[in-house]
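For reference, the structure is listed below as C-alpha cells.
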Amino acid sequence: MTSVREKIGSSGFHRTVLKNGSPYCYMKVCLLDQETRLNAVELKSLIITGLKDLHGEVGAALPFDVLKFDEGSLTAVLRVCSGGLVKLWSSLTLQGYYQSQACAFRVLQVSRFNL
Amino acid sequence: MCSDLDRTPRTLLVCDRSSFLDEKNRVSPQVEKLHFNHKVSVLLPGCSVTPSNLDLVMNTFSSFYLIKKLPVHELLDPGLQGAINQGVVYGLSFGTRIDEDTCVALMPKGRLVLSLDKDSYELLGVEGKPSRFNHRTCSRFVVSVDLTDSSMAPGGRGHTRLLTGLRSHLQLQTDFLLSHHPEGGASLQPLLSRYDWSKHEPEVSCRHLTDLTCPDFRSCDCHSLLEWIGAVEADISCESSSSSFLSSFTCPEPNDVLSHALSVSICGLLLPHDVQRLIQELRCHLQQTQLESWASLTVHGFIDSPVSWGDNEHGVLSGGENFYNLLMFPDHTYHLHLATGAYDTCPP
C-alpha cells in the first residue's frame with residue numbers, strides 16, 4: 001500500500017512523496033445520548049464491546065487508542081491502525097445500546113493525519 | 001473480503017527538505033497556491049508570551065466579510081471587474097458542503113469555480129467537466145470560468161451566457177466569505193452596500209504549554225512528526241505509557257522536555273500573503289534566538305473548498321484535508337509537509 005518516491009536535486013533540495021504512508025487513521029466521534037455520563041475508560045470498554053459483538057474475539061483484540069475524550073460533549077478522538085478502520089467504523093455505526101439505554105455514535109471526521 | 005476491510009482511501013504526503021537560501025526552494029509559490037486558508041497554527045518553543053513583532057503580524061491579518069444570501073451573478077458585476085482583474089479578491093461560499101451543495105470559489109487570479117450537482121449544472125447551461133469525485137455515475141460537475149478572459153468582459157458572449165444562467169435559470173444564492181488585499185477594498189463597497197454583510201477579524205488564540213515532551217525533528221519520520229504536532233495542537237497528552245489501557249500514544253524517541261512553549265492559532269478566511277508575512281517574521285524571530293530553536297507553522301485549507309492548491313479540484317470524502325506544515329530552523333533550512341486527501345491531485 002505504501003509507496004515512496006524520492007528526488008534529490010543537485011542544490012540539496014530533497015523531495016519525498018509518501019502514498020498511503022500513514023500507519024494510523026484518526027476518527028473524531030461523538031456519542032449521541034444526552035443522559036449518559038461516562039468517562040474515557042467506560043467509553044473504550046463500550047467500543048470494545050461493540051467490536052466483540054460484530055467481529056468476535058478477533059475484533060475485540062483490535063488495537064485502538066482513545067487519544068482524547070471530552071466528558072461534557074461526549075466527543076472523542078480515536079486512533080486506529082489503518083487496516084482496522086473499517087472494522088472500528090462499522091462497529092461504531094452498529095453500536096445501539098449502552099447499559100440498556102439507546103445510544104448512537106456519530107462519526108464527525110476521519111483523517112489519515114492527526115491535524 | 002477480508003482484504004477489502006483493510007483498504008482505506010489513499011492519501012498523499014509530500015515532504016520537502018531544503019533551505020530558504022536555496023534558489024530552487026518553492027515555499028513562496030506553494031504558500032501562495034493554497035488560496036483559501038481556514039486556520040494557521042504556530043508552535044514556538046522557549047516562549048511563554050508571544051514576541052511583540054510576531055504578535056503584531058498575527059493581529060494584523062486581513063479582515064474578511066461575510067455576505068448573507070449573495071446572488072452569485074453579482075460576482076460578474078462590472079463594478080467588481082476592476083478588483084478581480086487586479087487579482088486581489090478572494091471569495092468562498094460559506095456553510096456549503098462540497099459533497100452535497102453547490103460550492104463557489106472566486107480565486108485571486110480572476111477564476112470563478114462552481115462545483116454543482118447534476119440538476120444545477122444542467123440548469124446553468126455553461127460548459128463544465130465531470131468532477132473527479134464522482135462515483136459510478138456523473139452526479140457532480142465543475143464549471144471553471146476565467147473572468148479575465150476577453151469573452152467574459154461585460155456584454156461579451158461568455159459573460160452574457162453565464163449571467164443569464166446564474167440570474168435567470170439557476171438563481172443561485174449563497175452566504176459568501178470575501179476578502180481582499182488592502183488595495184482592493186474600494187471596489188467591494190458598491191457590492192457590500194446592496195446586501196446584508198458583516199465584517200470579521202481573524203480570531204487569535206494563545207496557549208502557554210509547560211514541560212512539553214518534544215521529539216528530535218532531524219531524525220523523526222514525517223508521519224510521527226505530524227502526529228506529534230497535531231497532538232500538541234489538540235491538547236492530547238503524550239504522557240501515557242505504552243501499556244496504558246486507554247492510549248499507547250507516546251512522543252517519538254529520542255525526545256527532550258521543553259520547559260516552555262507557545263501554541264497560537266488564527267482562524268478565519270486567511271490570505272496567503274498574510275501567511276507569507278508570518279513566515280518572514282518567524283524566520284526573523286529564529287535568527288534572534290538560540291541555535292537549537294525551531295518554529296512550526298501549520299496551515300489548514302477549508303475542508304469544503306472546491307479547490308485546494310492552485311485550481312486543483314478538491315473533495316471531502318471523509319476528511320477533506322488540505323494542509324501544509326512548515327518547520328523552520330535558525331540555519332534557514334526547512335521541512336515542508338504538504339498533504340491532501342483521497343483523489344485530490346498531488347500538491348505542487
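Ordering of the C-alpha cells sets the chain letters (A, B, ...); residue numbers start at 1 within each chain; ligands are numbered from 1 in the order shown.
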Up to 8 Å from chain B, what residues of chain A turn up? Count only C-alpha atoms and give them as a PyMOL selection string.
-> chain A and resi 11-22+40-41+44+64-68+82-87+109-115
Contacts of Gln101 in chain A within 9 Å, only C-alpha atoms, excl. fewer than 5 positions in-chain, as a list in words =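 In the requested form, the answer reads Asp33, Thr36 and Gly96 of chain A.
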Would you write out those residues with N, CA, C and O atoms, as a PDB file, in the first residue's frame?
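Once written, again_9.pdb looks like this:
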```pdb
ATOM      1  N   ASP A  33     -26.141  10.758  23.148  1.00  0.00           N
ATOM      2  CA  ASP A  33     -27.009  10.339  24.245  1.00  0.00           C
ATOM      3  C   ASP A  33     -26.921  11.407  25.316  1.00  0.00           C
ATOM      4  O   ASP A  33     -25.883  11.567  25.963  1.00  0.00           O
ATOM      5  N   THR A  36     -26.537   9.911  29.217  1.00  0.00           N
ATOM      6  CA  THR A  36     -25.421   9.073  29.650  1.00  0.00           C
ATOM      7  C   THR A  36     -24.245   9.926  30.113  1.00  0.00           C
ATOM      8  O   THR A  36     -23.908  10.923  29.490  1.00  0.00           O
ATOM      9  N   GLY A  96     -25.712   0.280  19.400  1.00  0.00           N
ATOM     10  CA  GLY A  96     -27.022   0.882  19.644  1.00  0.00           C
ATOM     11  C   GLY A  96     -27.394   1.052  21.105  1.00  0.00           C
ATOM     12  O   GLY A  96     -28.321   1.798  21.427  1.00  0.00           O
TER      13      GLY A  96
END
```
Residues flagged alpha helix (DSSP H) by DSSP in range 7-108 of chain A, as a PyMOL selection string | chain A and resi 40-60+85-94
May I have the selected residues written with N, CA, C and O atoms, as a short mmCIF file (atom, residue, chain, number, x, y, z; two decimals), in the first residue's frame?
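Produced file out.cif, reproduced below:
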```cif
data_model
loop_
_atom_site.label_atom_id
_atom_site.label_comp_id
_atom_site.auth_asym_id
_atom_site.auth_seq_id
_atom_site.Cartn_x
_atom_site.Cartn_y
_atom_site.Cartn_z
N ALA A 40 -13.59 8.16 30.03
CA ALA A 40 -12.85 7.64 28.88
C ALA A 40 -12.69 6.11 28.94
O ALA A 40 -12.79 5.43 27.93
N VAL A 41 -12.49 5.58 30.16
CA VAL A 41 -12.30 4.13 30.30
C VAL A 41 -13.59 3.40 29.94
O VAL A 41 -13.58 2.39 29.21
N GLU A 42 -14.70 3.94 30.41
CA GLU A 42 -16.00 3.32 30.08
C GLU A 42 -16.29 3.42 28.58
O GLU A 42 -16.87 2.50 27.99
N LEU A 43 -15.88 4.53 27.98
CA LEU A 43 -16.08 4.68 26.53
C LEU A 43 -15.30 3.61 25.78
O LEU A 43 -15.82 2.96 24.87
N LYS A 44 -14.04 3.40 26.19
CA LYS A 44 -13.23 2.41 25.48
C LYS A 44 -13.84 1.02 25.65
O LYS A 44 -13.87 0.23 24.70
N SER A 45 -14.33 0.72 26.87
CA SER A 45 -14.96 -0.59 27.11
C SER A 45 -16.19 -0.76 26.22
O SER A 45 -16.42 -1.84 25.69
N LEU A 46 -16.96 0.33 26.08
CA LEU A 46 -18.16 0.28 25.25
C LEU A 46 -17.79 -0.03 23.80
O LEU A 46 -18.43 -0.86 23.14
N ILE A 47 -16.73 0.62 23.30
CA ILE A 47 -16.32 0.39 21.91
C ILE A 47 -15.80 -1.04 21.73
O ILE A 47 -16.10 -1.70 20.73
N ILE A 48 -15.05 -1.52 22.73
CA ILE A 48 -14.53 -2.90 22.64
C ILE A 48 -15.70 -3.89 22.62
O ILE A 48 -15.69 -4.87 21.86
N THR A 49 -16.73 -3.63 23.43
CA THR A 49 -17.92 -4.49 23.43
C THR A 49 -18.55 -4.52 22.05
O THR A 49 -18.93 -5.59 21.54
N GLY A 50 -18.66 -3.34 21.43
CA GLY A 50 -19.23 -3.24 20.09
C GLY A 50 -18.42 -4.03 19.08
O GLY A 50 -18.96 -4.73 18.22
N LEU A 51 -17.07 -3.93 19.19
CA LEU A 51 -16.19 -4.66 18.28
C LEU A 51 -16.35 -6.17 18.45
O LEU A 51 -16.37 -6.93 17.49
N LYS A 52 -16.51 -6.59 19.72
CA LYS A 52 -16.64 -8.02 20.02
C LYS A 52 -17.97 -8.55 19.47
O LYS A 52 -18.02 -9.64 18.90
N ASP A 53 -19.04 -7.76 19.63
CA ASP A 53 -20.36 -8.19 19.15
C ASP A 53 -20.36 -8.37 17.63
O ASP A 53 -20.98 -9.29 17.11
N LEU A 54 -19.67 -7.48 16.93
CA LEU A 54 -19.73 -7.51 15.46
C LEU A 54 -18.65 -8.40 14.85
O LEU A 54 -18.90 -9.15 13.91
N HIS A 55 -17.44 -8.34 15.39
CA HIS A 55 -16.32 -9.05 14.75
C HIS A 55 -15.75 -10.17 15.63
O HIS A 55 -14.70 -10.71 15.29
N GLY A 56 -16.38 -10.46 16.73
CA GLY A 56 -15.93 -11.56 17.57
C GLY A 56 -14.66 -11.24 18.35
O GLY A 56 -14.27 -10.08 18.49
N GLU A 57 -14.02 -12.31 18.83
CA GLU A 57 -12.83 -12.13 19.67
C GLU A 57 -11.70 -11.44 18.91
O GLU A 57 -10.94 -10.66 19.48
N VAL A 58 -11.60 -11.71 17.62
CA VAL A 58 -10.53 -11.08 16.82
C VAL A 58 -10.78 -9.56 16.77
O VAL A 58 -9.85 -8.76 16.90
N GLY A 59 -12.05 -9.18 16.62
CA GLY A 59 -12.41 -7.76 16.60
C GLY A 59 -12.12 -7.11 17.93
O GLY A 59 -11.60 -5.99 17.99
N ALA A 60 -12.42 -7.82 19.02
CA ALA A 60 -12.19 -7.25 20.35
C ALA A 60 -10.72 -7.01 20.62
O ALA A 60 -10.35 -6.18 21.45
N LEU A 85 -9.55 0.37 10.36
CA LEU A 85 -10.53 1.46 10.30
C LEU A 85 -11.94 0.97 9.99
O LEU A 85 -12.90 1.35 10.65
N VAL A 86 -12.06 0.10 8.99
CA VAL A 86 -13.39 -0.34 8.56
C VAL A 86 -14.08 -1.12 9.69
O VAL A 86 -15.27 -0.95 9.95
N LYS A 87 -13.31 -1.96 10.39
CA LYS A 87 -13.88 -2.74 11.49
C LYS A 87 -14.35 -1.82 12.61
O LYS A 87 -15.45 -1.99 13.15
N LEU A 88 -13.53 -0.85 12.96
CA LEU A 88 -13.90 0.05 14.06
C LEU A 88 -15.11 0.90 13.66
O LEU A 88 -16.06 1.04 14.43
N TRP A 89 -15.07 1.42 12.46
CA TRP A 89 -16.14 2.30 11.98
C TRP A 89 -17.48 1.54 11.95
O TRP A 89 -18.51 2.02 12.39
N SER A 90 -17.43 0.29 11.42
CA SER A 90 -18.67 -0.49 11.32
C SER A 90 -19.22 -0.82 12.70
O SER A 90 -20.43 -0.78 12.92
N SER A 91 -18.34 -1.13 13.63
CA SER A 91 -18.85 -1.46 14.98
C SER A 91 -19.42 -0.22 15.68
O SER A 91 -20.40 -0.32 16.41
N LEU A 92 -18.82 0.94 15.42
CA LEU A 92 -19.36 2.18 16.00
C LEU A 92 -20.74 2.47 15.41
O LEU A 92 -21.66 2.88 16.12
N THR A 93 -20.88 2.24 14.11
CA THR A 93 -22.16 2.50 13.45
C THR A 93 -23.27 1.62 14.03
O THR A 93 -24.40 2.06 14.22
N LEU A 94 -22.91 0.37 14.31
CA LEU A 94 -23.94 -0.58 14.75
C LEU A 94 -24.10 -0.61 16.28
O LEU A 94 -24.91 -1.38 16.79
#
```
Extract, using only C-alpha atoms, all DNA, RNA and protein residues at most 6 Å from range 157-174 of chain B, discarding same-chain residues fewer than 3 positions from it, and format them as a list in words.
-> Lys69, Leu70, Pro71, Val72, His73, Leu123, Leu124, Ser151 and Met152 of chain B
Which residues come within 9 Å of range 103-118 of chain B, counting only C-alpha atoms, excluding same-chain residues fewer than 5 positions away, as a PDB file with C-alpha atoms, in the first residue's frame?
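Final output, saved to selection.pdb:
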```pdb
ATOM      1  CA  HIS B  35      -5.781  30.215  -1.632  1.00  0.00           C
ATOM      2  CA  PHE B  36      -8.434  29.526   0.979  1.00  0.00           C
ATOM      3  CA  VAL B  72     -23.662  34.605  -7.304  1.00  0.00           C
ATOM      4  CA  LEU B  75     -19.658  38.423  -8.856  1.00  0.00           C
ATOM      5  CA  GLN B  81     -14.281  43.522 -12.538  1.00  0.00           C
ATOM      6  CA  ALA B  83     -10.610  44.358  -8.482  1.00  0.00           C
ATOM      7  CA  ILE B  84     -10.935  40.867  -9.972  1.00  0.00           C
ATOM      8  CA  ASN B  85      -8.646  41.749 -12.872  1.00  0.00           C
ATOM      9  CA  GLN B  86      -6.047  43.068 -10.418  1.00  0.00           C
ATOM     10  CA  GLY B  87      -6.115  39.635  -8.722  1.00  0.00           C
ATOM     11  CA  VAL B  88      -6.778  40.952  -5.235  1.00  0.00           C
ATOM     12  CA  VAL B  89     -10.155  39.417  -4.316  1.00  0.00           C
ATOM     13  CA  TYR B  90     -10.718  36.039  -2.621  1.00  0.00           C
ATOM     14  CA  GLY B  91     -14.223  34.609  -2.168  1.00  0.00           C
ATOM     15  CA  LEU B  92     -15.662  31.338  -0.963  1.00  0.00           C
ATOM     16  CA  SER B  93     -19.198  30.134  -0.311  1.00  0.00           C
ATOM     17  CA  PHE B  94     -19.818  29.676   3.405  1.00  0.00           C
ATOM     18  CA  THR B  96     -21.989  24.836   1.908  1.00  0.00           C
ATOM     19  CA  ARG B  97     -20.805  21.247   1.758  1.00  0.00           C
ATOM     20  CA  ILE B  98     -18.721  20.169  -1.196  1.00  0.00           C
ATOM     21  CA  LEU B 123     -29.928  24.410 -15.411  1.00  0.00           C
ATOM     22  CA  SER B 131     -15.958  16.086 -11.107  1.00  0.00           C
ATOM     23  CA  CYS B 138     -21.736  11.552 -13.093  1.00  0.00           C
ATOM     24  CA  SER B 139     -23.611  13.381 -10.367  1.00  0.00           C
ATOM     25  CA  ARG B 140     -21.334  16.374  -9.859  1.00  0.00           C
ATOM     26  CA  PHE B 141     -19.776  18.810 -12.322  1.00  0.00           C
ATOM     27  CA  VAL B 142     -17.247  21.601 -12.074  1.00  0.00           C
ATOM     28  CA  VAL B 143     -17.562  24.805 -14.066  1.00  0.00           C
ATOM     29  CA  SER B 144     -14.405  26.887 -14.118  1.00  0.00           C
ATOM     30  CA  VAL B 145     -14.516  30.303 -15.776  1.00  0.00           C
ATOM     31  CA  ASP B 146     -11.678  32.769 -16.301  1.00  0.00           C
ATOM     32  CA  LEU B 147     -13.291  36.138 -15.566  1.00  0.00           C
ATOM     33  CA  THR B 148     -10.298  37.992 -17.018  1.00  0.00           C
ATOM     34  CA  ASP B 149     -10.860  36.401 -20.447  1.00  0.00           C
ATOM     35  CA  THR B 174     -25.261  31.576  -1.054  1.00  0.00           C
ATOM     36  CA  PHE B 176     -20.267  34.218   0.873  1.00  0.00           C
ATOM     37  CA  LEU B 178     -14.986  37.703   0.794  1.00  0.00           C
ATOM     38  CA  HIS B 180      -9.132  41.270  -0.424  1.00  0.00           C
ATOM     39  CA  ASP B 304     -15.354  22.287   1.724  1.00  0.00           C
ATOM     40  CA  SER B 305     -13.409  24.441  -0.697  1.00  0.00           C
ATOM     41  CA  PRO B 306     -13.881  23.314  -4.342  1.00  0.00           C
ATOM     42  CA  VAL B 307     -10.159  23.866  -4.965  1.00  0.00           C
ATOM     43  CA  GLY B 310      -3.896  26.307  -7.421  1.00  0.00           C
ATOM     44  CA  ASP B 311      -7.057  25.367  -9.273  1.00  0.00           C
TER      45      ASP B 311
END
```
Among range 79-142 of chain B, which residues carry a DSSP assignment of strand (DSSP E), reported as an NGL selection string?
-> :B and (89-93 or 103-106 or 111-117 or 129-130 or 140-142)
If you keep N, CA and C atoms, can you produce a file of those selected residues as a PDB file, in the first residue's frame?
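Everything below was put into result29.pdb:
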```pdb
ATOM      1  N   VAL B  89      -8.944  39.805  -5.045  1.00  0.00           N
ATOM      2  CA  VAL B  89     -10.155  39.417  -4.316  1.00  0.00           C
ATOM      3  C   VAL B  89     -10.215  37.893  -4.148  1.00  0.00           C
ATOM      4  N   TYR B  90     -10.544  37.460  -2.931  1.00  0.00           N
ATOM      5  CA  TYR B  90     -10.718  36.039  -2.621  1.00  0.00           C
ATOM      6  C   TYR B  90     -12.150  35.852  -2.135  1.00  0.00           C
ATOM      7  N   GLY B  91     -12.846  34.858  -2.636  1.00  0.00           N
ATOM      8  CA  GLY B  91     -14.223  34.609  -2.168  1.00  0.00           C
ATOM      9  C   GLY B  91     -14.519  33.130  -2.108  1.00  0.00           C
ATOM     10  N   LEU B  92     -15.319  32.754  -1.142  1.00  0.00           N
ATOM     11  CA  LEU B  92     -15.662  31.338  -0.963  1.00  0.00           C
ATOM     12  C   LEU B  92     -17.047  31.227  -0.349  1.00  0.00           C
ATOM     13  N   SER B  93     -17.867  30.326  -0.891  1.00  0.00           N
ATOM     14  CA  SER B  93     -19.198  30.134  -0.311  1.00  0.00           C
ATOM     15  C   SER B  93     -19.045  29.589   1.102  1.00  0.00           C
ATOM     16  N   CYS B 103     -20.996  24.683  -4.371  1.00  0.00           N
ATOM     17  CA  CYS B 103     -19.925  25.470  -3.736  1.00  0.00           C
ATOM     18  C   CYS B 103     -19.309  26.401  -4.775  1.00  0.00           C
ATOM     19  N   VAL B 104     -18.959  27.580  -4.334  1.00  0.00           N
ATOM     20  CA  VAL B 104     -18.437  28.603  -5.244  1.00  0.00           C
ATOM     21  C   VAL B 104     -17.118  29.130  -4.685  1.00  0.00           C
ATOM     22  N   ALA B 105     -16.140  29.283  -5.545  1.00  0.00           N
ATOM     23  CA  ALA B 105     -14.880  29.899  -5.118  1.00  0.00           C
ATOM     24  C   ALA B 105     -14.466  30.937  -6.147  1.00  0.00           C
ATOM     25  N   LEU B 106     -14.080  32.103  -5.666  1.00  0.00           N
ATOM     26  CA  LEU B 106     -13.539  33.147  -6.533  1.00  0.00           C
ATOM     27  C   LEU B 106     -12.058  33.271  -6.195  1.00  0.00           C
ATOM     28  N   ARG B 111     -10.388  33.639 -11.451  1.00  0.00           N
ATOM     29  CA  ARG B 111     -11.083  32.427 -11.891  1.00  0.00           C
ATOM     30  C   ARG B 111     -12.228  32.120 -10.944  1.00  0.00           C
ATOM     31  N   LEU B 112     -13.403  31.887 -11.532  1.00  0.00           N
ATOM     32  CA  LEU B 112     -14.588  31.551 -10.754  1.00  0.00           C
ATOM     33  C   LEU B 112     -14.843  30.048 -10.910  1.00  0.00           C
ATOM     34  N   VAL B 113     -14.900  29.340  -9.787  1.00  0.00           N
ATOM     35  CA  VAL B 113     -15.118  27.889  -9.829  1.00  0.00           C
ATOM     36  C   VAL B 113     -16.442  27.562  -9.164  1.00  0.00           C
ATOM     37  N   LEU B 114     -17.288  26.816  -9.887  1.00  0.00           N
ATOM     38  CA  LEU B 114     -18.570  26.388  -9.334  1.00  0.00           C
ATOM     39  C   LEU B 114     -18.576  24.861  -9.309  1.00  0.00           C
ATOM     40  N   SER B 115     -18.837  24.283  -8.135  1.00  0.00           N
ATOM     41  CA  SER B 115     -18.975  22.832  -8.036  1.00  0.00           C
ATOM     42  C   SER B 115     -20.464  22.552  -7.858  1.00  0.00           C
ATOM     43  N   LEU B 116     -21.068  21.917  -8.886  1.00  0.00           N
ATOM     44  CA  LEU B 116     -22.535  21.826  -8.950  1.00  0.00           C
ATOM     45  C   LEU B 116     -23.006  20.379  -9.003  1.00  0.00           C
ATOM     46  N   ASP B 117     -24.207  20.135  -8.450  1.00  0.00           N
ATOM     47  CA  ASP B 117     -24.802  18.816  -8.671  1.00  0.00           C
ATOM     48  C   ASP B 117     -25.377  18.788 -10.088  1.00  0.00           C
ATOM     49  N   LYS B 129     -16.915  20.300 -16.630  1.00  0.00           N
ATOM     50  CA  LYS B 129     -16.420  18.925 -16.786  1.00  0.00           C
ATOM     51  C   LYS B 129     -16.836  18.102 -15.568  1.00  0.00           C
ATOM     52  N   PRO B 130     -16.968  16.782 -15.745  1.00  0.00           N
ATOM     53  CA  PRO B 130     -17.378  15.950 -14.611  1.00  0.00           C
ATOM     54  C   PRO B 130     -16.361  16.034 -13.482  1.00  0.00           C
ATOM     55  N   ARG B 140     -21.881  15.066 -10.242  1.00  0.00           N
ATOM     56  CA  ARG B 140     -21.334  16.374  -9.859  1.00  0.00           C
ATOM     57  C   ARG B 140     -20.441  16.900 -10.987  1.00  0.00           C
ATOM     58  N   PHE B 141     -20.540  18.190 -11.234  1.00  0.00           N
ATOM     59  CA  PHE B 141     -19.776  18.810 -12.322  1.00  0.00           C
ATOM     60  C   PHE B 141     -19.085  20.074 -11.810  1.00  0.00           C
ATOM     61  N   VAL B 142     -17.987  20.391 -12.452  1.00  0.00           N
ATOM     62  CA  VAL B 142     -17.247  21.601 -12.074  1.00  0.00           C
ATOM     63  C   VAL B 142     -17.208  22.550 -13.267  1.00  0.00           C
TER      64      VAL B 142
END
```
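Residues surrounding Met27 in chain A within 8 Å are Cys25, Val29, Val77, Leu78, Arg79, Val107, Leu108, Gln109, Val110 and Ser111 of chain A [only C-alpha atoms; sequence separation below 2 positions excluded].
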Please provide as JSON, numbers by chain all residues within 10 Å of range 277-280 of chain B, with the sequence filter that same-chain residues fewer than 4 positions apart are discarded (counting only C-alpha atoms).
-> {"B": [27, 28, 31, 40, 42, 53, 54, 55, 56, 57, 58, 61, 272, 273, 284, 285, 286, 295, 296, 297, 326, 328]}
Would you mind exporting the chosen residues as a JSON list (two decimals), in the first residue's frame, restricted to N, CA and C atoms?
```
[["chain", "number", "residue", "atom", "x", "y", "z"],
["B", 27, "VAL", "N", 8.93, 27.43, -1.42],
["B", 27, "VAL", "CA", 7.99, 27.68, -0.33],
["B", 27, "VAL", "C", 7.01, 28.78, -0.70],
["B", 28, "SER", "N", 7.54, 29.86, -1.26],
["B", 28, "SER", "CA", 6.68, 31.00, -1.54],
["B", 28, "SER", "C", 5.55, 30.66, -2.52],
["B", 31, "VAL", "N", 2.98, 28.35, -0.82],
["B", 31, "VAL", "CA", 2.11, 29.04, 0.13],
["B", 31, "VAL", "C", 1.06, 29.85, -0.63],
["B", 40, "VAL", "N", -4.46, 28.89, 10.86],
["B", 40, "VAL", "CA", -3.00, 28.89, 10.91],
["B", 40, "VAL", "C", -2.60, 28.62, 12.36],
["B", 42, "VAL", "N", 0.67, 28.09, 15.02],
["B", 42, "VAL", "CA", 2.11, 28.28, 15.20],
["B", 42, "VAL", "C", 2.52, 27.64, 16.52],
["B", 53, "ASN", "N", 6.96, 41.38, 17.96],
["B", 53, "ASN", "CA", 6.93, 41.51, 16.49],
["B", 53, "ASN", "C", 6.00, 40.47, 15.86],
["B", 54, "LEU", "N", 5.99, 39.26, 16.44],
["B", 54, "LEU", "CA", 5.08, 38.22, 15.92],
["B", 54, "LEU", "C", 3.64, 38.55, 16.26],
["B", 55, "ASP", "N", 3.44, 39.08, 17.47],
["B", 55, "ASP", "CA", 2.09, 39.45, 17.91],
["B", 55, "ASP", "C", 1.49, 40.48, 16.95],
["B", 56, "LEU", "N", 2.34, 41.41, 16.52],
["B", 56, "LEU", "CA", 1.88, 42.46, 15.61],
["B", 56, "LEU", "C", 1.40, 41.85, 14.28],
["B", 57, "VAL", "N", 2.20, 40.92, 13.75],
["B", 57, "VAL", "CA", 1.83, 40.30, 12.46],
["B", 57, "VAL", "C", 0.54, 39.47, 12.63],
["B", 58, "MET", "N", 0.47, 38.72, 13.74],
["B", 58, "MET", "CA", -0.69, 37.84, 13.93],
["B", 58, "MET", "C", -1.98, 38.62, 14.11],
["B", 61, "PHE", "N", -3.67, 40.29, 10.49],
["B", 61, "PHE", "CA", -4.16, 39.51, 9.35],
["B", 61, "PHE", "C", -5.37, 40.24, 8.77],
["B", 272, "PRO", "N", -3.08, 34.14, 1.70],
["B", 272, "PRO", "CA", -1.71, 33.64, 1.61],
["B", 272, "PRO", "C", -0.65, 34.72, 1.86],
["B", 273, "HIS", "N", -0.92, 35.96, 1.45],
["B", 273, "HIS", "CA", 0.13, 36.98, 1.63],
["B", 273, "HIS", "C", 0.33, 37.29, 3.12],
["B", 284, "CYS", "N", 12.72, 35.77, 11.05],
["B", 284, "CYS", "CA", 13.46, 36.82, 11.77],
["B", 284, "CYS", "C", 13.57, 36.46, 13.26],
["B", 285, "HIS", "N", 12.48, 35.95, 13.81],
["B", 285, "HIS", "CA", 12.47, 35.58, 15.23],
["B", 285, "HIS", "C", 13.50, 34.48, 15.49],
["B", 286, "LEU", "N", 13.59, 33.51, 14.56],
["B", 286, "LEU", "CA", 14.55, 32.41, 14.75],
["B", 286, "LEU", "C", 15.99, 32.91, 14.71],
["B", 295, "ALA", "N", 10.66, 26.59, 14.69],
["B", 295, "ALA", "CA", 9.29, 27.11, 14.72],
["B", 295, "ALA", "C", 8.46, 26.27, 13.77],
["B", 296, "SER", "N", 7.26, 25.94, 14.20],
["B", 296, "SER", "CA", 6.38, 25.14, 13.36],
["B", 296, "SER", "C", 5.15, 25.97, 12.97],
["B", 297, "LEU", "N", 4.80, 25.92, 11.70],
["B", 297, "LEU", "CA", 3.63, 26.64, 11.20],
["B", 297, "LEU", "C", 2.76, 25.63, 10.44],
["B", 326, "LEU", "N", 5.05, 23.72, 7.95],
["B", 326, "LEU", "CA", 6.40, 24.23, 7.65],
["B", 326, "LEU", "C", 7.18, 24.30, 8.95],
["B", 328, "MET", "N", 10.64, 25.34, 10.55],
["B", 328, "MET", "CA", 11.78, 26.20, 10.18],
["B", 328, "MET", "C", 12.87, 26.15, 11.25]]
```
Could you pull the residues within 8 Å of Arg207 in chain B, counting only C-alpha atoms, minus those fewer than 5 positions along the same chain, as number ranges by chain?
-> B: 262-264
Separation of CA of Leu44 in chain B from CA of Trp294 in chain B, in Å and rounded to one decimal |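 These two atoms are separated by 7.1 Å.
Residue nearest Pro63 in chain A, chosen from B:Asp196, B:Ala261, B:Ser243, B:Thr333 and counting only C-alpha atoms: B:Ser243.
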